[in-house]
Amino acid sequence: MIRENLNDVKENIVSACRASNRQPQDVTLIAVSKTKPVELLREAYDAGVRDFGENKVQEILEKAPALPDDIRWHMIGHLQKNKVRQVIDKTVLIHSVDTVALAEQIEKEAAKKNIDVDILLEVNIGEEESKYGFRAGEVLEAVTIISKFSHVHIKGLMTIAPFVENSEENRDIFLKLYQLNVDIKSKNIDNVNMAVLSMGMTGDYMTAIEEGATMIRVGTGIFGARTKMGENLV
């Protein structure tokens, strides 16, 4: 099932790229494996997946030792400052840096380990009260502050769009994040890359790709529906 689902997702990526004059290789598919057992992750790995996204530090710590070393782990969920030390050397990218204070903690712990940590700033473009993230108007100031850190490197932006039945309803959200990314990139701030736009989930990733996503986070579309009630499709 997972292999077939992956093929469907990859075909959709190609279709969305064709519609927006982009190349499929410019879009990284992250398999959102939160709550999924190691057996299913291994099945996805055997089908070619190398980028996996987890919401909780504990799941990365438990799953990583049981799976191949060439997996690239992405921290996509809310990260508490007291968990930073445990995860910064286990991930290739932290998507969910939502405050300057969190970035400061990452810098502090990275300095202790003498490592570099790549991050995305999470932006609450929809300004939903229930979600974490910078408001659009706060991002440039945060980028300017964090750019001066020695061990933390901003690679772009991330957003979690509202859960909608019709993906077209999120097109404006994705467009706004893309424009914000372009605006910041144009300022050529040292230690800031802005090459990554992490946006789009199972229900709307094709629209996100059409509006410039370079990373999409797909869980249900690969692993099937969640068993827990009330969770959004990712």
# chains A, B, ... in the order shown; residues from 1 in each chain; ligands from 1
>>> residues_around(residues="region 11-13 of chain A", least_positions_apart="5", cutoff="8 Å", atoms="only C-alpha atoms", output="ChimeraX atom specification")
/A:24,27,206,209
>>> select_by_dssp(residues="region 2-207 of chain A", states="strand (DSSP E)", output="ChimeraX atom specification")
/A:28-32,51-54,72-75,93-97,117-122,152-158,192-198
>>> write_last_selection(atoms="N, CA and C atoms", output="CSV table (one decimal), in the first residue's frame")
chain,number,residue,atom,x,y,z
A,28,THR,N,11.2,18.4,-2.4
A,28,THR,CA,11.6,17.3,-1.5
A,28,THR,C,10.3,16.8,-0.8
A,29,LEU,N,10.1,15.5,-0.9
A,29,LEU,CA,8.9,14.9,-0.3
A,29,LEU,C,9.4,14.4,1.1
A,30,ILE,N,8.7,15.0,2.2
A,30,ILE,CA,9.0,14.5,3.5
A,30,ILE,C,7.8,13.6,4.0
A,31,ALA,N,8.1,12.4,4.3
A,31,ALA,CA,7.1,11.5,4.8
A,31,ALA,C,6.9,11.7,6.3
A,32,VAL,N,5.7,12.2,6.6
A,32,VAL,CA,5.4,12.5,8.0
A,32,VAL,C,5.0,11.2,8.7
A,51,ASP,N,13.6,11.0,3.5
A,51,ASP,CA,13.3,12.1,4.4
A,51,ASP,C,12.0,11.9,5.2
A,52,PHE,N,12.2,11.8,6.5
A,52,PHE,CA,11.0,11.5,7.4
A,52,PHE,C,10.9,12.7,8.4
A,53,GLY,N,9.6,13.1,8.6
A,53,GLY,CA,9.3,14.2,9.5
A,53,GLY,C,8.6,13.7,10.7
A,54,GLU,N,9.0,14.1,11.9
A,54,GLU,CA,8.4,13.8,13.2
A,54,GLU,C,8.0,15.0,13.9
A,72,ARG,N,17.2,11.0,6.7
A,72,ARG,CA,17.3,12.4,7.0
A,72,ARG,C,16.0,12.7,7.9
A,73,TRP,N,16.3,13.0,9.1
A,73,TRP,CA,15.2,13.3,10.0
A,73,TRP,C,14.9,14.8,10.1
A,74,HIS,N,13.6,15.1,9.9
A,74,HIS,CA,13.2,16.5,10.0
A,74,HIS,C,12.3,16.7,11.2
A,75,MET,N,12.6,17.7,12.0
A,75,MET,CA,11.7,18.0,13.2
A,75,MET,C,10.7,19.0,12.7
A,93,LEU,N,17.2,19.2,9.6
A,93,LEU,CA,16.5,20.5,9.5
A,93,LEU,C,15.4,20.6,10.6
A,94,ILE,N,15.4,21.7,11.3
A,94,ILE,CA,14.3,22.0,12.2
A,94,ILE,C,13.4,23.0,11.6
A,95,HIS,N,12.2,22.5,11.3
A,95,HIS,CA,11.2,23.3,10.5
A,95,HIS,C,10.5,24.3,11.4
A,96,SER,N,10.5,24.1,12.7
A,96,SER,CA,9.5,24.7,13.5
A,96,SER,C,10.0,25.7,14.5
A,97,VAL,N,11.0,26.5,14.1
A,97,VAL,CA,11.5,27.5,15.0
A,97,VAL,C,10.5,28.7,15.0
A,117,VAL,N,23.5,24.0,13.0
A,117,VAL,CA,22.1,23.6,12.9
A,117,VAL,C,21.3,24.4,11.9
A,118,ASP,N,20.7,23.7,10.9
A,118,ASP,CA,19.9,24.4,9.9
A,118,ASP,C,18.5,24.5,10.4
A,119,ILE,N,17.9,25.6,10.2
A,119,ILE,CA,16.5,25.8,10.7
A,119,ILE,C,15.6,26.6,9.7
A,120,LEU,N,14.3,26.4,9.9
A,120,LEU,CA,13.4,27.2,9.2
A,120,LEU,C,12.6,28.0,10.2
A,121,LEU,N,12.2,29.2,9.9
A,121,LEU,CA,11.3,29.9,10.8
A,121,LEU,C,9.8,29.6,10.4
A,122,GLU,N,9.1,29.2,11.5
A,122,GLU,CA,7.7,28.9,11.3
A,122,GLU,C,6.9,30.2,11.3
A,152,VAL,N,23.7,28.7,14.2
A,152,VAL,CA,22.3,28.5,13.6
A,152,VAL,C,22.2,29.2,12.3
A,153,HIS,N,21.7,28.4,11.3
A,153,HIS,CA,21.6,29.0,9.9
A,153,HIS,C,20.2,28.9,9.4
A,154,ILE,N,19.6,30.0,9.1
A,154,ILE,CA,18.3,30.1,8.5
A,154,ILE,C,18.3,29.7,7.1
A,155,LYS,N,17.5,28.7,6.7
A,155,LYS,CA,17.4,28.1,5.4
A,155,LYS,C,16.1,28.5,4.6
A,156,GLY,N,15.2,29.1,5.4
A,156,GLY,CA,13.9,29.5,4.7
A,156,GLY,C,12.8,29.5,5.7
A,157,LEU,N,11.6,29.3,5.2
A,157,LEU,CA,10.4,29.5,6.0
A,157,LEU,C,9.5,28.2,5.9
A,158,MET,N,8.7,28.1,7.0
A,158,MET,CA,7.7,27.0,7.0
A,158,MET,C,6.4,27.5,7.5
A,192,VAL,N,21.9,33.9,5.9
A,192,VAL,CA,20.5,33.6,5.7
A,192,VAL,C,20.4,33.1,4.2
A,193,ASN,N,19.8,32.0,4.0
A,193,ASN,CA,19.8,31.4,2.7
A,193,ASN,C,18.5,31.6,1.9
A,194,MET,N,17.4,31.2,2.6
A,194,MET,CA,16.0,31.4,2.1
A,194,MET,C,15.7,30.5,0.9
A,195,ALA,N,16.4,29.3,0.8
A,195,ALA,CA,16.2,28.4,-0.4
A,195,ALA,C,15.0,27.5,-0.1
A,196,VAL,N,14.6,27.4,1.1
A,196,VAL,CA,13.6,26.4,1.4
A,196,VAL,C,12.2,27.0,1.8
A,197,LEU,N,11.2,26.5,1.2
A,197,LEU,CA,9.8,26.8,1.6
A,197,LEU,C,9.1,25.5,1.9
A,198,SER,N,8.9,25.3,3.2
A,198,SER,CA,8.2,24.1,3.6
A,198,SER,C,6.8,24.3,3.9
>>> closest_residue(among="A:Ala136, A:Ile60, A:Leu102, A:Val9", to="Arg217 (chain A)", atoms="only C-alpha atoms")
A:Val9
>>> atom_distance(atom1="CA of Thr220 (chain A)", atom2="CA of Asp70 (chain A)")
23.1 Å
>>> closest_residue(among="A:Val164, A:Ile88, A:Ala101, A:Leu67", to="Arg50 (chain A)", atoms="only C-alpha atoms")
A:Leu67
>>> residues_around(residues="Tyr178 (chain A)", least_positions_apart="2", cutoff="8 Å", atoms="only C-alpha atoms", output="PyMOL selection string")
chain A and resi 174-176+180-182+197+211-213
>>> write_last_selection(atoms="all heavy atoms", output="PDB file, in the first residue's frame")
ATOM      1  N   PHE A 174      -0.195  30.184   0.785  1.00  0.00           N
ATOM      2  CA  PHE A 174       1.083  29.761   0.202  1.00  0.00           C
ATOM      3  C   PHE A 174       1.735  30.899  -0.581  1.00  0.00           C
ATOM      4  O   PHE A 174       2.956  31.083  -0.527  1.00  0.00           O
ATOM      5  CB  PHE A 174       0.876  28.552  -0.699  1.00  0.00           C
ATOM      6  CG  PHE A 174       0.322  27.346   0.011  1.00  0.00           C
ATOM      7  CD1 PHE A 174      -0.638  26.545  -0.590  1.00  0.00           C
ATOM      8  CD2 PHE A 174       0.760  27.009   1.285  1.00  0.00           C
ATOM      9  CE1 PHE A 174      -1.150  25.432   0.059  1.00  0.00           C
ATOM     10  CE2 PHE A 174       0.250  25.893   1.952  1.00  0.00           C
ATOM     11  CZ  PHE A 174      -0.705  25.105   1.333  1.00  0.00           C
ATOM     12  N   LEU A 175       0.936  31.656  -1.297  1.00  0.00           N
ATOM     13  CA  LEU A 175       1.470  32.776  -2.068  1.00  0.00           C
ATOM     14  C   LEU A 175       2.085  33.824  -1.149  1.00  0.00           C
ATOM     15  O   LEU A 175       3.164  34.365  -1.433  1.00  0.00           O
ATOM     16  CB  LEU A 175       0.361  33.404  -2.921  1.00  0.00           C
ATOM     17  CG  LEU A 175       0.756  34.628  -3.748  1.00  0.00           C
ATOM     18  CD1 LEU A 175       1.897  34.298  -4.694  1.00  0.00           C
ATOM     19  CD2 LEU A 175      -0.457  35.157  -4.517  1.00  0.00           C
ATOM     20  N   LYS A 176       1.422  34.095  -0.034  1.00  0.00           N
ATOM     21  CA  LYS A 176       1.946  35.088   0.918  1.00  0.00           C
ATOM     22  C   LYS A 176       3.274  34.635   1.509  1.00  0.00           C
ATOM     23  O   LYS A 176       4.190  35.439   1.684  1.00  0.00           O
ATOM     24  CB  LYS A 176       0.925  35.334   2.032  1.00  0.00           C
ATOM     25  CG  LYS A 176      -0.268  36.176   1.604  1.00  0.00           C
ATOM     26  CD  LYS A 176      -1.255  36.359   2.750  1.00  0.00           C
ATOM     27  CE  LYS A 176      -2.433  37.224   2.323  1.00  0.00           C
ATOM     28  NZ  LYS A 176      -3.458  37.347   3.411  1.00  0.00           N
ATOM     29  N   LEU A 180       6.830  36.529   1.053  1.00  0.00           N
ATOM     30  CA  LEU A 180       7.632  36.906   2.219  1.00  0.00           C
ATOM     31  C   LEU A 180       9.044  36.362   2.084  1.00  0.00           C
ATOM     32  O   LEU A 180      10.032  37.051   2.372  1.00  0.00           O
ATOM     33  CB  LEU A 180       6.970  36.374   3.490  1.00  0.00           C
ATOM     34  CG  LEU A 180       7.686  36.658   4.814  1.00  0.00           C
ATOM     35  CD1 LEU A 180       7.812  38.157   5.061  1.00  0.00           C
ATOM     36  CD2 LEU A 180       6.936  35.991   5.977  1.00  0.00           C
ATOM     37  N   ASN A 181       9.152  35.133   1.627  1.00  0.00           N
ATOM     38  CA  ASN A 181      10.455  34.511   1.415  1.00  0.00           C
ATOM     39  C   ASN A 181      11.280  35.291   0.394  1.00  0.00           C
ATOM     40  O   ASN A 181      12.475  35.560   0.603  1.00  0.00           O
ATOM     41  CB  ASN A 181      10.254  33.069   0.943  1.00  0.00           C
ATOM     42  CG  ASN A 181      11.517  32.235   1.011  1.00  0.00           C
ATOM     43  OD1 ASN A 181      11.946  31.840   2.077  1.00  0.00           O
ATOM     44  ND2 ASN A 181      12.104  31.974  -0.145  1.00  0.00           N
ATOM     45  N   VAL A 182      10.645  35.676  -0.702  1.00  0.00           N
ATOM     46  CA  VAL A 182      11.329  36.449  -1.743  1.00  0.00           C
ATOM     47  C   VAL A 182      11.787  37.803  -1.205  1.00  0.00           C
ATOM     48  O   VAL A 182      12.910  38.250  -1.471  1.00  0.00           O
ATOM     49  CB  VAL A 182      10.407  36.635  -2.965  1.00  0.00           C
ATOM     50  CG1 VAL A 182      11.000  37.660  -3.937  1.00  0.00           C
ATOM     51  CG2 VAL A 182      10.180  35.314  -3.676  1.00  0.00           C
ATOM     52  N   LEU A 197      11.181  26.475   1.184  1.00  0.00           N
ATOM     53  CA  LEU A 197       9.801  26.824   1.556  1.00  0.00           C
ATOM     54  C   LEU A 197       9.102  25.515   1.899  1.00  0.00           C
ATOM     55  O   LEU A 197       8.776  24.724   1.013  1.00  0.00           O
ATOM     56  CB  LEU A 197       9.070  27.503   0.392  1.00  0.00           C
ATOM     57  CG  LEU A 197       9.046  29.023   0.351  1.00  0.00           C
ATOM     58  CD1 LEU A 197       8.197  29.475  -0.839  1.00  0.00           C
ATOM     59  CD2 LEU A 197       8.501  29.614   1.627  1.00  0.00           C
ATOM     60  N   GLU A 211       2.611  27.098  -5.874  1.00  0.00           N
ATOM     61  CA  GLU A 211       2.947  28.422  -5.334  1.00  0.00           C
ATOM     62  C   GLU A 211       4.366  28.489  -4.779  1.00  0.00           C
ATOM     63  O   GLU A 211       4.719  29.434  -4.084  1.00  0.00           O
ATOM     64  CB  GLU A 211       1.931  28.818  -4.257  1.00  0.00           C
ATOM     65  CG  GLU A 211       0.515  28.995  -4.782  1.00  0.00           C
ATOM     66  CD  GLU A 211       0.395  30.066  -5.873  1.00  0.00           C
ATOM     67  OE1 GLU A 211       1.252  30.966  -5.937  1.00  0.00           O
ATOM     68  OE2 GLU A 211      -0.560  29.985  -6.675  1.00  0.00           O
ATOM     69  N   GLY A 212       5.195  27.479  -5.085  1.00  0.00           N
ATOM     70  CA  GLY A 212       6.615  27.604  -4.791  1.00  0.00           C
ATOM     71  C   GLY A 212       7.187  26.728  -3.695  1.00  0.00           C
ATOM     72  O   GLY A 212       8.360  26.884  -3.341  1.00  0.00           O
ATOM     73  N   ALA A 213       6.422  25.794  -3.136  1.00  0.00           N
ATOM     74  CA  ALA A 213       6.954  24.920  -2.088  1.00  0.00           C
ATOM     75  C   ALA A 213       8.167  24.150  -2.592  1.00  0.00           C
ATOM     76  O   ALA A 213       8.166  23.628  -3.709  1.00  0.00           O
ATOM     77  CB  ALA A 213       5.881  23.945  -1.614  1.00  0.00           C
TER      78      ALA A 213
END
>>> atom_distance(atom1="CA of Val57 (chain A)", atom2="CA of Val84 (chain A)")
8.5 Å
>>> atom_distance(atom1="CA of Thr91 (chain A)", atom2="CA of Gln25 (chain A)")
21.4 Å
>>> decode(residues="region 146-190 of chain A", atoms="N, CA and C atoms", output="short mmCIF file (atom, residue, chain, number, x, y, z; two decimals), in the first residue's frame")
data_model
loop_
_atom_site.label_atom_id
_atom_site.label_comp_id
_atom_site.auth_asym_id
_atom_site.auth_seq_id
_atom_site.Cartn_x
_atom_site.Cartn_y
_atom_site.Cartn_z
N ILE A 146 18.57 36.47 14.40
CA ILE A 146 19.10 35.10 14.35
C ILE A 146 20.27 34.98 13.37
N SER A 147 20.29 35.83 12.36
CA SER A 147 21.38 35.78 11.37
C SER A 147 22.75 36.02 11.99
N LYS A 148 22.76 36.63 13.17
CA LYS A 148 24.04 36.94 13.83
C LYS A 148 24.55 35.78 14.67
N PHE A 149 23.76 34.71 14.79
CA PHE A 149 24.20 33.55 15.55
C PHE A 149 25.24 32.77 14.75
N SER A 150 26.19 32.17 15.45
CA SER A 150 27.30 31.48 14.79
C SER A 150 26.98 30.06 14.36
N HIS A 151 26.11 29.39 15.11
CA HIS A 151 25.89 27.96 14.88
C HIS A 151 24.51 27.65 14.30
N VAL A 152 23.67 28.65 14.17
CA VAL A 152 22.32 28.46 13.64
C VAL A 152 22.22 29.15 12.28
N HIS A 153 21.68 28.44 11.30
CA HIS A 153 21.63 28.97 9.94
C HIS A 153 20.21 28.88 9.39
N ILE A 154 19.64 30.03 9.07
CA ILE A 154 18.29 30.07 8.51
C ILE A 154 18.32 29.66 7.05
N LYS A 155 17.50 28.66 6.72
CA LYS A 155 17.44 28.15 5.35
C LYS A 155 16.13 28.49 4.64
N GLY A 156 15.19 29.12 5.35
CA GLY A 156 13.93 29.48 4.71
C GLY A 156 12.80 29.55 5.71
N LEU A 157 11.59 29.33 5.21
CA LEU A 157 10.38 29.49 6.02
C LEU A 157 9.50 28.24 5.94
N MET A 158 8.66 28.10 6.95
CA MET A 158 7.69 27.01 7.00
C MET A 158 6.36 27.55 7.47
N THR A 159 5.28 26.97 6.99
CA THR A 159 3.96 27.29 7.53
C THR A 159 3.09 26.05 7.55
N ILE A 160 2.15 26.06 8.48
CA ILE A 160 1.09 25.04 8.53
C ILE A 160 -0.19 25.77 8.15
N ALA A 161 -0.67 25.51 6.96
CA ALA A 161 -1.87 26.20 6.48
C ALA A 161 -3.11 25.66 7.19
N PRO A 162 -4.19 26.42 7.18
CA PRO A 162 -5.43 25.94 7.80
C PRO A 162 -5.91 24.65 7.15
N PHE A 163 -6.61 23.83 7.93
CA PHE A 163 -7.20 22.61 7.40
C PHE A 163 -8.47 22.99 6.64
N VAL A 164 -8.49 22.71 5.35
CA VAL A 164 -9.63 23.09 4.51
C VAL A 164 -10.05 21.90 3.65
N GLU A 165 -11.29 21.90 3.22
CA GLU A 165 -11.78 20.85 2.33
C GLU A 165 -11.29 21.07 0.90
N ASN A 166 -11.19 22.34 0.51
CA ASN A 166 -10.77 22.70 -0.85
C ASN A 166 -9.40 23.36 -0.79
N SER A 167 -8.40 22.73 -1.38
CA SER A 167 -7.03 23.24 -1.28
C SER A 167 -6.88 24.65 -1.85
N GLU A 168 -7.77 25.03 -2.77
CA GLU A 168 -7.71 26.37 -3.34
C GLU A 168 -7.84 27.44 -2.27
N GLU A 169 -8.50 27.11 -1.18
CA GLU A 169 -8.68 28.08 -0.10
C GLU A 169 -7.35 28.44 0.55
N ASN A 170 -6.34 27.60 0.38
CA ASN A 170 -5.03 27.88 0.97
C ASN A 170 -4.04 28.48 -0.02
N ARG A 171 -4.46 28.68 -1.26
CA ARG A 171 -3.53 29.21 -2.25
C ARG A 171 -2.95 30.55 -1.83
N ASP A 172 -3.81 31.41 -1.29
CA ASP A 172 -3.35 32.73 -0.87
C ASP A 172 -2.35 32.65 0.28
N ILE A 173 -2.55 31.67 1.17
CA ILE A 173 -1.61 31.44 2.27
C ILE A 173 -0.23 31.11 1.72
N PHE A 174 -0.20 30.18 0.78
CA PHE A 174 1.08 29.76 0.20
C PHE A 174 1.74 30.90 -0.58
N LEU A 175 0.94 31.66 -1.30
CA LEU A 175 1.47 32.78 -2.07
C LEU A 175 2.08 33.82 -1.15
N LYS A 176 1.42 34.10 -0.03
CA LYS A 176 1.95 35.09 0.92
C LYS A 176 3.27 34.64 1.51
N LEU A 177 3.39 33.34 1.82
CA LEU A 177 4.66 32.86 2.37
C LEU A 177 5.76 32.94 1.31
N TYR A 178 5.42 32.59 0.08
CA TYR A 178 6.39 32.69 -1.01
C TYR A 178 6.87 34.14 -1.17
N GLN A 179 5.95 35.07 -1.15
CA GLN A 179 6.32 36.48 -1.32
C GLN A 179 7.17 36.98 -0.16
N LEU A 180 6.83 36.53 1.05
CA LEU A 180 7.63 36.91 2.22
C LEU A 180 9.04 36.36 2.08
N ASN A 181 9.15 35.13 1.63
CA ASN A 181 10.45 34.51 1.41
C ASN A 181 11.28 35.29 0.39
N VAL A 182 10.64 35.68 -0.70
CA VAL A 182 11.33 36.45 -1.74
C VAL A 182 11.79 37.80 -1.20
N ASP A 183 10.92 38.45 -0.42
CA ASP A 183 11.27 39.76 0.14
C ASP A 183 12.51 39.68 1.03
N ILE A 184 12.55 38.66 1.87
CA ILE A 184 13.69 38.51 2.78
C ILE A 184 14.95 38.14 2.00
N LYS A 185 14.78 37.25 1.04
CA LYS A 185 15.93 36.83 0.22
C LYS A 185 16.56 38.02 -0.49
N SER A 186 15.73 38.96 -0.93
CA SER A 186 16.22 40.12 -1.69
C SER A 186 17.11 41.03 -0.84
N LYS A 187 17.04 40.88 0.47
CA LYS A 187 17.83 41.75 1.36
C LYS A 187 19.25 41.23 1.55
N ASN A 188 19.52 40.03 1.06
CA ASN A 188 20.88 39.47 1.06
C ASN A 188 21.54 39.56 2.44
N ILE A 189 20.84 39.07 3.45
CA ILE A 189 21.36 39.09 4.82
C ILE A 189 22.36 37.95 4.99
N ASP A 190 23.52 38.26 5.55
CA ASP A 190 24.55 37.25 5.77
C ASP A 190 24.00 36.13 6.66
#
